[in-house]
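A.B. asks: File follows, target17.cif with mmCIF, C-alpha atoms:
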```
data_start
loop_
_atom_site.group_PDB
_atom_site.id
_atom_site.type_symbol
_atom_site.label_atom_id
_atom_site.label_comp_id
_atom_site.auth_asym_id
_atom_site.auth_seq_id
_atom_site.Cartn_x
_atom_site.Cartn_y
_atom_site.Cartn_z
ATOM 1 C CA MET A 196 -11.915 17.159 4.921
ATOM 2 C CA ARG A 197 -12.558 17.058 8.661
ATOM 3 C CA VAL A 198 -11.446 14.889 11.568
ATOM 4 C CA LEU A 199 -14.220 12.811 13.124
ATOM 5 C CA SER A 200 -11.969 11.125 15.693
ATOM 6 C CA THR A 201 -8.255 10.648 16.358
ATOM 7 C CA ARG A 202 -5.941 9.136 18.964
ATOM 8 C CA LEU A 203 -3.327 11.761 18.147
ATOM 9 C CA ARG A 204 -3.180 14.752 20.453
ATOM 10 C CA GLY A 205 -2.875 18.356 19.344
ATOM 11 C CA ILE A 206 -4.683 18.004 16.023
ATOM 12 C CA PRO A 207 -6.294 21.374 15.168
ATOM 13 C CA SER A 208 -10.019 21.571 14.521
ATOM 14 C CA GLY A 209 -11.494 22.679 11.220
ATOM 15 C CA ALA A 210 -10.432 21.769 7.709
ATOM 16 C CA VAL A 211 -7.495 19.359 7.494
ATOM 17 C CA SER A 212 -4.420 20.997 5.964
ATOM 18 C CA ASP A 213 -1.704 19.045 4.158
ATOM 19 C CA ALA A 214 0.551 19.513 7.189
ATOM 20 C CA THR A 215 -2.106 18.045 9.508
ATOM 21 C CA LEU A 216 -2.724 15.179 7.086
ATOM 22 C CA GLU A 217 0.963 14.307 7.163
ATOM 23 C CA ARG A 218 0.929 14.372 10.970
ATOM 24 C CA LEU A 219 -2.006 11.983 11.004
ATOM 25 C CA TYR A 220 -0.331 9.578 8.591
ATOM 26 C CA ALA A 221 3.275 9.935 9.768
ATOM 27 C CA PHE A 222 5.050 6.582 10.073
ATOM 28 C CA PRO A 223 5.526 6.069 13.830
ATOM 29 C CA ARG A 224 8.839 4.210 13.571
ATOM 30 C CA ALA A 225 11.738 4.080 11.143
ATOM 31 C CA ARG A 226 10.907 0.504 10.026
ATOM 32 C CA TRP A 227 7.223 0.259 9.163
ATOM 33 C CA LEU A 228 4.987 -1.339 6.547
ATOM 34 C CA ARG A 229 1.683 0.315 5.728
ATOM 35 C CA ALA A 230 -1.002 -0.968 3.368
ATOM 36 C CA ASN A 231 -3.176 1.553 1.531
ATOM 37 C CA PHE A 232 -6.517 0.564 -0.016
ATOM 38 C CA VAL A 233 -9.892 1.936 -1.071
ATOM 39 C CA SER A 234 -13.086 -0.089 -0.731
ATOM 40 C CA THR A 235 -16.768 0.490 -1.505
ATOM 41 C CA LEU A 236 -19.574 0.278 1.044
ATOM 42 C CA ASP A 237 -20.275 -3.301 -0.052
ATOM 43 C CA GLY A 238 -16.632 -4.317 0.332
ATOM 44 C CA ALA A 239 -15.386 -4.160 -3.268
ATOM 45 C CA ALA A 240 -11.773 -3.226 -3.912
ATOM 46 C CA GLN A 241 -12.527 -2.451 -7.563
ATOM 47 C CA GLY A 242 -15.251 -1.002 -9.707
ATOM 48 C CA ALA A 243 -17.236 -2.657 -12.491
ATOM 49 C CA ASP A 244 -14.245 -2.147 -14.799
ATOM 50 C CA GLY A 245 -11.987 -4.175 -12.490
ATOM 51 C CA LEU A 246 -9.931 -1.140 -11.478
ATOM 52 C CA SER A 247 -9.562 0.558 -8.109
ATOM 53 C CA GLY A 248 -9.398 3.940 -9.817
ATOM 54 C CA SER A 249 -13.096 3.787 -10.665
ATOM 55 C CA ILE A 250 -14.036 3.719 -6.950
ATOM 56 C CA ASN A 251 -11.498 6.356 -5.986
ATOM 57 C CA THR A 252 -12.621 9.746 -4.634
ATOM 58 C CA PRO A 253 -10.819 13.111 -4.388
ATOM 59 C CA ALA A 254 -10.418 12.637 -0.630
ATOM 60 C CA ASP A 255 -8.908 9.175 -1.101
ATOM 61 C CA ALA A 256 -6.537 10.538 -3.751
ATOM 62 C CA ARG A 257 -5.343 13.154 -1.274
ATOM 63 C CA VAL A 258 -4.601 10.525 1.384
ATOM 64 C CA PHE A 259 -2.981 8.312 -1.262
ATOM 65 C CA SER A 260 -0.629 11.151 -2.228
ATOM 66 C CA ALA A 261 0.204 11.922 1.417
ATOM 67 C CA ASN A 262 1.115 8.300 2.093
ATOM 68 C CA ARG A 263 3.386 8.204 -0.939
ATOM 69 C CA ARG A 264 5.138 11.390 0.183
ATOM 70 C CA LEU A 265 5.770 9.930 3.630
ATOM 71 C CA ALA A 266 6.983 6.508 2.455
ATOM 72 C CA ASP A 267 10.496 5.625 1.307
ATOM 73 C CA CYS A 268 9.275 3.189 -1.353
ATOM 74 C CA VAL A 269 6.110 1.630 -2.762
ATOM 75 C CA MET A 270 5.660 -2.149 -2.929
ATOM 76 C CA VAL A 271 3.107 -3.589 -5.335
ATOM 77 C CA GLY A 272 2.362 -6.906 -6.988
ATOM 78 C CA ALA A 273 3.269 -7.190 -10.662
ATOM 79 C CA GLY A 274 -0.303 -8.084 -11.622
ATOM 80 C CA THR A 275 -1.719 -5.007 -9.933
ATOM 81 C CA ALA A 276 0.967 -2.787 -11.438
ATOM 82 C CA ARG A 277 0.087 -4.170 -14.870
ATOM 83 C CA VAL A 278 -3.710 -3.929 -14.555
ATOM 84 C CA GLU A 279 -3.677 -0.506 -12.893
ATOM 85 C CA ASN A 280 -1.171 0.740 -15.489
ATOM 86 C CA TYR A 281 1.536 1.861 -13.073
ATOM 87 C CA GLY A 282 4.011 4.318 -14.497
ATOM 88 C CA PRO A 283 6.987 6.305 -13.200
ATOM 89 C CA ALA A 284 6.646 7.513 -9.615
ATOM 90 C CA ARG A 285 8.513 9.904 -7.365
ATOM 91 C CA LYS A 286 9.428 7.081 -4.990
ATOM 92 C CA PRO A 287 11.188 3.786 -5.829
ATOM 93 C CA LEU A 288 8.821 0.997 -6.845
ATOM 94 C CA ILE A 289 9.351 -2.545 -5.554
ATOM 95 C CA ILE A 290 7.505 -4.887 -7.939
ATOM 96 C CA VAL A 291 6.861 -8.354 -6.494
ATOM 97 C CA SER A 292 6.617 -11.128 -9.084
ATOM 98 C CA ARG A 293 7.077 -14.883 -8.557
ATOM 99 C CA ARG A 294 7.419 -15.269 -12.336
ATOM 100 C CA GLY A 295 10.031 -12.550 -12.581
ATOM 101 C CA ARG A 296 8.050 -10.419 -15.025
ATOM 102 C CA LEU A 297 8.185 -6.640 -14.970
ATOM 103 C CA PRO A 298 5.135 -4.804 -16.396
ATOM 104 C CA GLU A 299 5.838 -3.240 -19.771
ATOM 105 C CA GLY A 300 4.980 0.262 -18.578
ATOM 106 C CA LEU A 301 7.758 0.177 -15.976
ATOM 107 C CA ARG A 302 10.596 -0.874 -18.229
ATOM 108 C CA ASN A 303 13.214 1.790 -18.939
ATOM 109 C CA SER A 304 11.629 4.013 -16.303
ATOM 110 C CA ARG A 305 13.423 7.063 -14.975
ATOM 111 C CA THR A 306 12.171 6.054 -11.538
ATOM 112 C CA ARG A 307 14.027 3.340 -9.686
ATOM 113 C CA VAL A 308 12.091 0.119 -10.266
ATOM 114 C CA VAL A 309 13.199 -3.033 -8.437
ATOM 115 C CA LEU A 310 11.923 -6.474 -9.440
ATOM 116 C CA ALA A 311 11.629 -8.697 -6.346
ATOM 117 C CA THR A 312 11.400 -12.331 -7.429
ATOM 118 C CA CYS A 313 12.518 -15.846 -6.505
ATOM 119 C CA GLU A 314 14.902 -18.551 -7.740
ATOM 120 C CA SER A 315 12.212 -20.413 -9.689
ATOM 121 C CA SER A 316 11.801 -17.431 -12.014
ATOM 122 C CA ARG A 317 15.376 -18.038 -13.256
ATOM 123 C CA ARG A 318 16.120 -14.342 -13.142
ATOM 124 C CA ARG A 319 19.649 -13.306 -12.248
ATOM 125 C CA ALA A 320 20.186 -11.012 -9.310
ATOM 126 C CA GLY A 321 21.443 -7.520 -10.033
ATOM 127 C CA ASP A 322 21.106 -3.910 -8.961
ATOM 128 C CA ASP A 323 17.466 -3.826 -10.027
ATOM 129 C CA VAL A 324 16.565 -7.494 -9.498
ATOM 130 C CA TRP A 325 16.324 -8.977 -6.006
ATOM 131 C CA VAL A 326 16.158 -12.776 -6.003
ATOM 132 C CA ILE A 327 14.817 -13.580 -2.541
ATOM 133 C CA GLY A 328 13.254 -16.989 -1.911
ATOM 134 C CA ASP A 329 13.179 -20.319 -3.746
ATOM 135 C CA ASP A 330 9.746 -21.172 -5.188
ATOM 136 C CA ALA A 331 7.992 -18.084 -3.804
ATOM 137 C CA VAL A 332 9.130 -14.569 -3.006
ATOM 138 C CA ASP A 333 10.298 -14.300 0.614
ATOM 139 C CA LEU A 334 8.392 -11.153 1.566
ATOM 140 C CA ALA A 335 10.110 -10.812 4.934
ATOM 141 C CA GLY A 336 13.399 -10.850 3.068
ATOM 142 C CA VAL A 337 12.146 -8.192 0.649
ATOM 143 C CA VAL A 338 11.052 -5.912 3.506
ATOM 144 C CA ALA A 339 14.434 -6.414 5.208
ATOM 145 C CA ARG A 340 16.238 -5.655 1.946
ATOM 146 C CA CYS A 341 14.251 -2.435 1.589
ATOM 147 C CA ALA A 342 15.533 -1.354 5.013
ATOM 148 C CA THR A 343 19.161 -2.157 4.186
ATOM 149 C CA GLU A 344 18.782 -0.186 0.941
ATOM 150 C CA GLY A 345 17.734 2.918 2.894
ATOM 151 C CA MET A 346 13.980 2.430 2.398
ATOM 152 C CA PRO A 347 12.661 1.305 5.812
ATOM 153 C CA ARG A 348 9.213 2.939 5.495
ATOM 154 C CA VAL A 349 7.366 0.732 3.016
ATOM 155 C CA LEU A 350 3.959 1.519 1.530
ATOM 156 C CA THR A 351 2.169 -1.361 -0.176
ATOM 157 C CA GLU A 352 -0.714 -0.667 -2.535
ATOM 158 C CA GLY A 353 -1.642 -4.284 -3.138
ATOM 159 C CA GLY A 354 -3.111 -5.982 -4.798
ATOM 160 C CA PRO A 355 -5.297 -8.212 -2.653
ATOM 161 C CA HIS A 356 -3.088 -11.284 -3.177
ATOM 162 C CA LEU A 357 0.094 -9.524 -2.095
ATOM 163 C CA PHE A 358 -1.752 -8.011 0.869
ATOM 164 C CA ALA A 359 -2.994 -11.471 1.909
ATOM 165 C CA ASP A 360 0.554 -12.817 1.732
ATOM 166 C CA LEU A 361 1.947 -9.897 3.735
ATOM 167 C CA LEU A 362 -0.732 -10.434 6.392
ATOM 168 C CA ALA A 363 0.000 -14.159 6.529
ATOM 169 C CA ALA A 364 3.691 -13.371 7.049
ATOM 170 C CA GLY A 365 2.872 -10.941 9.864
ATOM 171 C CA LEU A 366 4.567 -8.044 8.106
ATOM 172 C CA VAL A 367 1.799 -5.416 8.043
ATOM 173 C CA ASP A 368 1.960 -2.712 10.736
ATOM 174 C CA ASP A 369 -1.070 -0.650 9.770
ATOM 175 C CA LEU A 370 -3.767 -0.217 7.151
ATOM 176 C CA ALA A 371 -4.920 3.070 5.629
ATOM 177 C CA LEU A 372 -8.393 2.316 4.295
ATOM 178 C CA THR A 373 -10.800 4.665 2.539
ATOM 179 C CA VAL A 374 -14.446 3.615 2.407
ATOM 180 C CA SER A 375 -15.882 5.097 -0.761
ATOM 181 C CA PRO A 376 -19.616 6.000 -0.707
ATOM 182 C CA ARG A 377 -20.441 3.656 -3.580
ATOM 183 C CA LEU A 378 -22.055 0.270 -4.214
ATOM 184 C CA VAL A 379 -20.928 -1.942 -7.080
ATOM 185 C CA GLY A 380 -22.573 -5.334 -6.457
ATOM 186 C CA GLY A 381 -21.440 -8.443 -8.298
ATOM 187 C CA ASP A 382 -18.532 -10.550 -7.055
ATOM 188 C CA PRO A 383 -15.478 -8.260 -7.128
ATOM 189 C CA LEU A 384 -12.211 -8.706 -5.288
ATOM 190 C CA ARG A 385 -11.980 -7.455 -1.728
ATOM 191 C CA ILE A 386 -8.860 -5.830 -0.311
ATOM 192 C CA VAL A 387 -7.699 -9.229 1.008
ATOM 193 C CA ALA A 388 -7.735 -12.146 -1.425
ATOM 194 C CA PRO A 389 -9.405 -15.408 -0.349
ATOM 195 C CA GLY A 390 -7.220 -17.308 2.083
ATOM 196 C CA GLY A 391 -5.774 -14.199 3.699
ATOM 197 C CA ALA A 392 -6.406 -13.991 7.426
ATOM 198 C CA LEU A 393 -6.163 -10.953 9.675
ATOM 199 C CA ALA A 394 -4.719 -12.320 12.895
ATOM 200 C CA GLY A 395 -4.835 -10.493 16.204
ATOM 201 C CA ARG A 396 -6.498 -7.208 17.080
ATOM 202 C CA VAL A 397 -6.830 -3.993 15.117
ATOM 203 C CA ASP A 398 -6.859 -0.566 16.724
ATOM 204 C CA LEU A 399 -8.586 2.391 15.058
ATOM 205 C CA ARG A 400 -6.272 5.415 15.079
ATOM 206 C CA HIS A 401 -8.368 8.008 13.270
ATOM 207 C CA VAL A 402 -11.396 8.657 11.048
ATOM 208 C CA LEU A 403 -11.592 11.512 8.544
ATOM 209 C CA GLU A 404 -14.588 12.446 6.410
ATOM 210 C CA GLU A 405 -15.186 14.317 3.190
ATOM 211 C CA ASP A 406 -18.240 14.155 0.923
ATOM 212 C CA GLY A 407 -19.253 10.765 2.308
ATOM 213 C CA SER A 408 -15.792 9.191 2.025
ATOM 214 C CA LEU A 409 -14.366 7.856 5.288
ATOM 215 C CA MET A 410 -10.578 7.734 5.569
ATOM 216 C CA THR A 411 -9.425 5.449 8.386
ATOM 217 C CA LEU A 412 -6.113 4.265 9.797
ATOM 218 C CA TRP A 413 -5.953 0.928 11.616
ATOM 219 C CA ARG A 414 -2.990 -0.328 13.691
ATOM 220 C CA LEU A 415 -2.477 -4.095 13.471
ATOM 221 C CA SER A 416 -1.176 -6.238 16.327
ATOM 222 C CA ARG A 417 1.160 -9.106 15.568
#
```
Rewrite the structure of this file - the entire thing - as structure tokens.
C.D. replies:
Amino acid sequence: MRVLSTRLRGIPSGAVSDATLERLYAFPRARWLRANFVSTLDGAAQGADGLSGSINTPADARVFSANRRLADCVMVGAGTARVENYGPARKPLIIVSRRGRLPEGLRNSRTRVVLATCESSRRRAGDDVWVIGDDAVDLAGVVARCATEGMPRVLTEGGPHLFADLLAAGLVDDLALTVSPRLVGGDPLRIVAPGGALAGRVDLRHVLEEDGSLMTLWRLSR
């Protein structure tokens, strides 16, 4: 992996070490929400099998792991966690579900798994259930709760519907996007579900390259 461009000063030339990768992806402030996605050249957020893993690359996996190490928790929609077969992780998982349903693979997990839901789901609040919002999950309230629980650096891994809602609420600070050197065709989901709008400007912070994969980090203005 090599650096093609960066706004960060003092980055050494040559192959990118794990230490340099963590400098490039370090969260700039204590409270921060980063989205992490992979997309194909034709804009697909999933392969022909409907999974993001089939368009993943070794370089993207390395950035994915670095972002998880740097974050305090991982936020993901229940549908994505179910389809992508999420299992135990080293960081707490915040599962967002309007229906109040936790994916089967995350029940009785040794990892901390929090279900973030709303009143209409009829779930009772508890240590591992956050009821925030009436008919829909109040995402701003979930992000604030993460901070009060000692998890201010939030990494969201989607899916596209949750990302669209986070964008609409003005909660996303930056986007780590890998462009995978693949074409899938068809009519797959993109990283933002229909109806999601990216308001304001975006500022490119860096571009990395390895075997045709481009790893980028974009700062979002609010």
A.B. asks: Which is closest to Ala243 of chain A among A:Ala371, A:Val211, A:Leu378, A:Val337, if we use all atoms listed in the file?
C.D. replies: A:Leu378
A.B. asks: Output the residue selection produced by the PyMOL selection byres ((chain A and resi 237) around 12) on the file above, formatted as a PyMOL selection string.
C.D. replies: chain A and resi 233-236+238-242+250+374-386
A.B. asks: Counting all atoms listed in the file, which residues have an atom no more than 7 Å from (-14.4, 15.7, 4.6) in the file's coordinates? Please list them as number ranges by chain.
C.D. replies: A: 196-197, 403-406
A.B. asks: Where does the PyMOL selection byres ((chain A and resi 324-330) around 7) land in this file, that is, which residues does it pick, as a list in words?
C.D. replies: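 In the shown coordinates, the PyMOL selection byres ((chain A and resi 324-330) around 7) covers Val309, Leu310, Ala311, Thr312, Cys313, Glu314, Ser315, Ala320, Gly321, Asp322, Asp323, Ala331, Val332, Asp333, Gly336 and Val337 of chain A.
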A.B. asks: Report the residues retrieved by the PyMOL selection byres ((chain A and resi 284) around 12) from the displayed file, expressed as a PDB file with C-alpha atoms, keeping the file's coordinate frame.
C.D. replies:
```
ATOM      1  CA  SER A 260      -0.629  11.151  -2.228  1.00  0.00           C
ATOM      2  CA  ARG A 263       3.386   8.204  -0.939  1.00  0.00           C
ATOM      3  CA  ARG A 264       5.138  11.390   0.183  1.00  0.00           C
ATOM      4  CA  ASP A 267      10.496   5.625   1.307  1.00  0.00           C
ATOM      5  CA  CYS A 268       9.275   3.189  -1.353  1.00  0.00           C
ATOM      6  CA  VAL A 269       6.110   1.630  -2.762  1.00  0.00           C
ATOM      7  CA  MET A 270       5.660  -2.149  -2.929  1.00  0.00           C
ATOM      8  CA  ALA A 276       0.967  -2.787 -11.438  1.00  0.00           C
ATOM      9  CA  ASN A 280      -1.171   0.740 -15.489  1.00  0.00           C
ATOM     10  CA  TYR A 281       1.536   1.861 -13.073  1.00  0.00           C
ATOM     11  CA  GLY A 282       4.011   4.318 -14.497  1.00  0.00           C
ATOM     12  CA  PRO A 283       6.987   6.305 -13.200  1.00  0.00           C
ATOM     13  CA  ARG A 285       8.513   9.904  -7.365  1.00  0.00           C
ATOM     14  CA  LYS A 286       9.428   7.081  -4.990  1.00  0.00           C
ATOM     15  CA  PRO A 287      11.188   3.786  -5.829  1.00  0.00           C
ATOM     16  CA  LEU A 288       8.821   0.997  -6.845  1.00  0.00           C
ATOM     17  CA  ILE A 289       9.351  -2.545  -5.554  1.00  0.00           C
ATOM     18  CA  GLY A 300       4.980   0.262 -18.578  1.00  0.00           C
ATOM     19  CA  LEU A 301       7.758   0.177 -15.976  1.00  0.00           C
ATOM     20  CA  SER A 304      11.629   4.013 -16.303  1.00  0.00           C
ATOM     21  CA  ARG A 305      13.423   7.063 -14.975  1.00  0.00           C
ATOM     22  CA  THR A 306      12.171   6.054 -11.538  1.00  0.00           C
ATOM     23  CA  ARG A 307      14.027   3.340  -9.686  1.00  0.00           C
ATOM     24  CA  VAL A 308      12.091   0.119 -10.266  1.00  0.00           C
TER      25      VAL A 308
END
```
A.B. asks: If you measure from atom CA of Glu279 of chain A to atom CA of Val367 of chain A, what distance in Å do you get, rounded to one decimal?
C.D. replies: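 Interatomic distance here is 22.2 Å.
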A.B. asks: Do you know which residues lie at most 10 Å from (13.0, 0.1, 8.5), with coordinates as in the file and all atoms listed in the file counted, and could you write them as an MDAnalysis selection string?
C.D. replies: chainID A and resid 224:228 267 338:349
A.B. asks: One decimal, Å: what's the distance from atom CA of Ser408 of chain A over to atom CA of Ala388 of chain A, could you say?
C.D. replies: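 Answer for the atom CA of Ser408 of chain A to atom CA of Ala388 of chain A separation: 23.1 Å.
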A.B. asks: Give me segment 354-365 of chain A with all heavy atoms filled in, as a CSV table (one decimal), in the coordinates of the input.
C.D. replies:
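Below you can see result.csv, which holds the result:
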```csv
chain,number,residue,atom,x,y,z
A,354,GLY,N,-1.7,-5.8,-5.0
A,354,GLY,CA,-3.1,-6.0,-4.8
A,354,GLY,C,-3.5,-6.9,-3.6
A,354,GLY,O,-2.7,-7.2,-2.7
A,355,PRO,N,-4.8,-7.4,-3.7
A,355,PRO,CA,-5.3,-8.2,-2.7
A,355,PRO,C,-4.5,-9.5,-2.4
A,355,PRO,O,-4.4,-9.9,-1.2
A,355,PRO,CB,-6.7,-8.5,-3.2
A,355,PRO,CG,-7.1,-7.4,-4.0
A,355,PRO,CD,-5.8,-7.0,-4.7
A,356,HIS,N,-3.9,-10.1,-3.4
A,356,HIS,CA,-3.1,-11.3,-3.2
A,356,HIS,C,-1.8,-11.0,-2.4
A,356,HIS,O,-1.4,-11.7,-1.5
A,356,HIS,CB,-2.8,-12.0,-4.5
A,356,HIS,CG,-4.0,-12.5,-5.2
A,356,HIS,ND1,-4.6,-13.7,-4.8
A,356,HIS,CD2,-4.8,-12.0,-6.2
A,356,HIS,CE1,-5.7,-13.9,-5.5
A,356,HIS,NE2,-5.8,-12.9,-6.4
A,357,LEU,N,-1.1,-9.9,-2.8
A,357,LEU,CA,0.1,-9.5,-2.1
A,357,LEU,C,-0.3,-9.1,-0.7
A,357,LEU,O,0.5,-9.5,0.3
A,357,LEU,CB,0.8,-8.4,-2.8
A,357,LEU,CG,2.0,-7.8,-2.1
A,357,LEU,CD1,3.1,-8.9,-1.9
A,357,LEU,CD2,2.6,-6.6,-2.9
A,358,PHE,N,-1.3,-8.4,-0.5
A,358,PHE,CA,-1.8,-8.0,0.9
A,358,PHE,C,-2.0,-9.2,1.7
A,358,PHE,O,-1.6,-9.3,2.9
A,358,PHE,CB,-3.0,-7.1,0.8
A,358,PHE,CG,-3.4,-6.5,2.1
A,358,PHE,CD1,-2.4,-6.1,3.0
A,358,PHE,CD2,-4.7,-6.2,2.4
A,358,PHE,CE1,-2.8,-5.5,4.3
A,358,PHE,CE2,-5.1,-5.6,3.6
A,358,PHE,CZ,-4.2,-5.3,4.5
A,359,ALA,N,-2.7,-10.2,1.2
A,359,ALA,CA,-3.0,-11.5,1.9
A,359,ALA,C,-1.7,-12.2,2.3
A,359,ALA,O,-1.6,-12.6,3.5
A,359,ALA,CB,-3.8,-12.4,1.1
A,360,ASP,N,-0.7,-12.2,1.4
A,360,ASP,CA,0.6,-12.8,1.7
A,360,ASP,C,1.3,-12.0,2.8
A,360,ASP,O,2.0,-12.6,3.7
A,360,ASP,CB,1.4,-12.9,0.5
A,360,ASP,CG,0.8,-14.0,-0.5
A,360,ASP,OD1,0.0,-14.8,-0.1
A,360,ASP,OD2,1.2,-13.9,-1.7
A,361,LEU,N,1.3,-10.7,2.7
A,361,LEU,CA,1.9,-9.9,3.7
A,361,LEU,C,1.3,-10.1,5.1
A,361,LEU,O,2.0,-10.2,6.1
A,361,LEU,CB,1.9,-8.4,3.3
A,361,LEU,CG,2.8,-8.0,2.1
A,361,LEU,CD1,2.4,-6.6,1.6
A,361,LEU,CD2,4.3,-8.1,2.5
A,362,LEU,N,0.0,-10.2,5.1
A,362,LEU,CA,-0.7,-10.4,6.4
A,362,LEU,C,-0.4,-11.8,7.0
A,362,LEU,O,-0.1,-11.9,8.2
A,362,LEU,CB,-2.2,-10.4,6.2
A,362,LEU,CG,-2.8,-9.0,6.0
A,362,LEU,CD1,-4.3,-9.1,5.6
A,362,LEU,CD2,-2.7,-8.1,7.2
A,363,ALA,N,-0.3,-12.8,6.1
A,363,ALA,CA,0.0,-14.2,6.5
A,363,ALA,C,1.4,-14.2,7.1
A,363,ALA,O,1.7,-15.0,8.0
A,363,ALA,CB,-0.2,-15.1,5.4
A,364,ALA,N,2.3,-13.4,6.6
A,364,ALA,CA,3.7,-13.4,7.0
A,364,ALA,C,3.9,-12.5,8.3
A,364,ALA,O,5.0,-12.4,8.8
A,364,ALA,CB,4.6,-12.9,5.9
A,365,GLY,N,2.8,-11.8,8.7
A,365,GLY,CA,2.9,-10.9,9.9
A,365,GLY,C,3.7,-9.7,9.6
A,365,GLY,O,4.4,-9.2,10.6
```
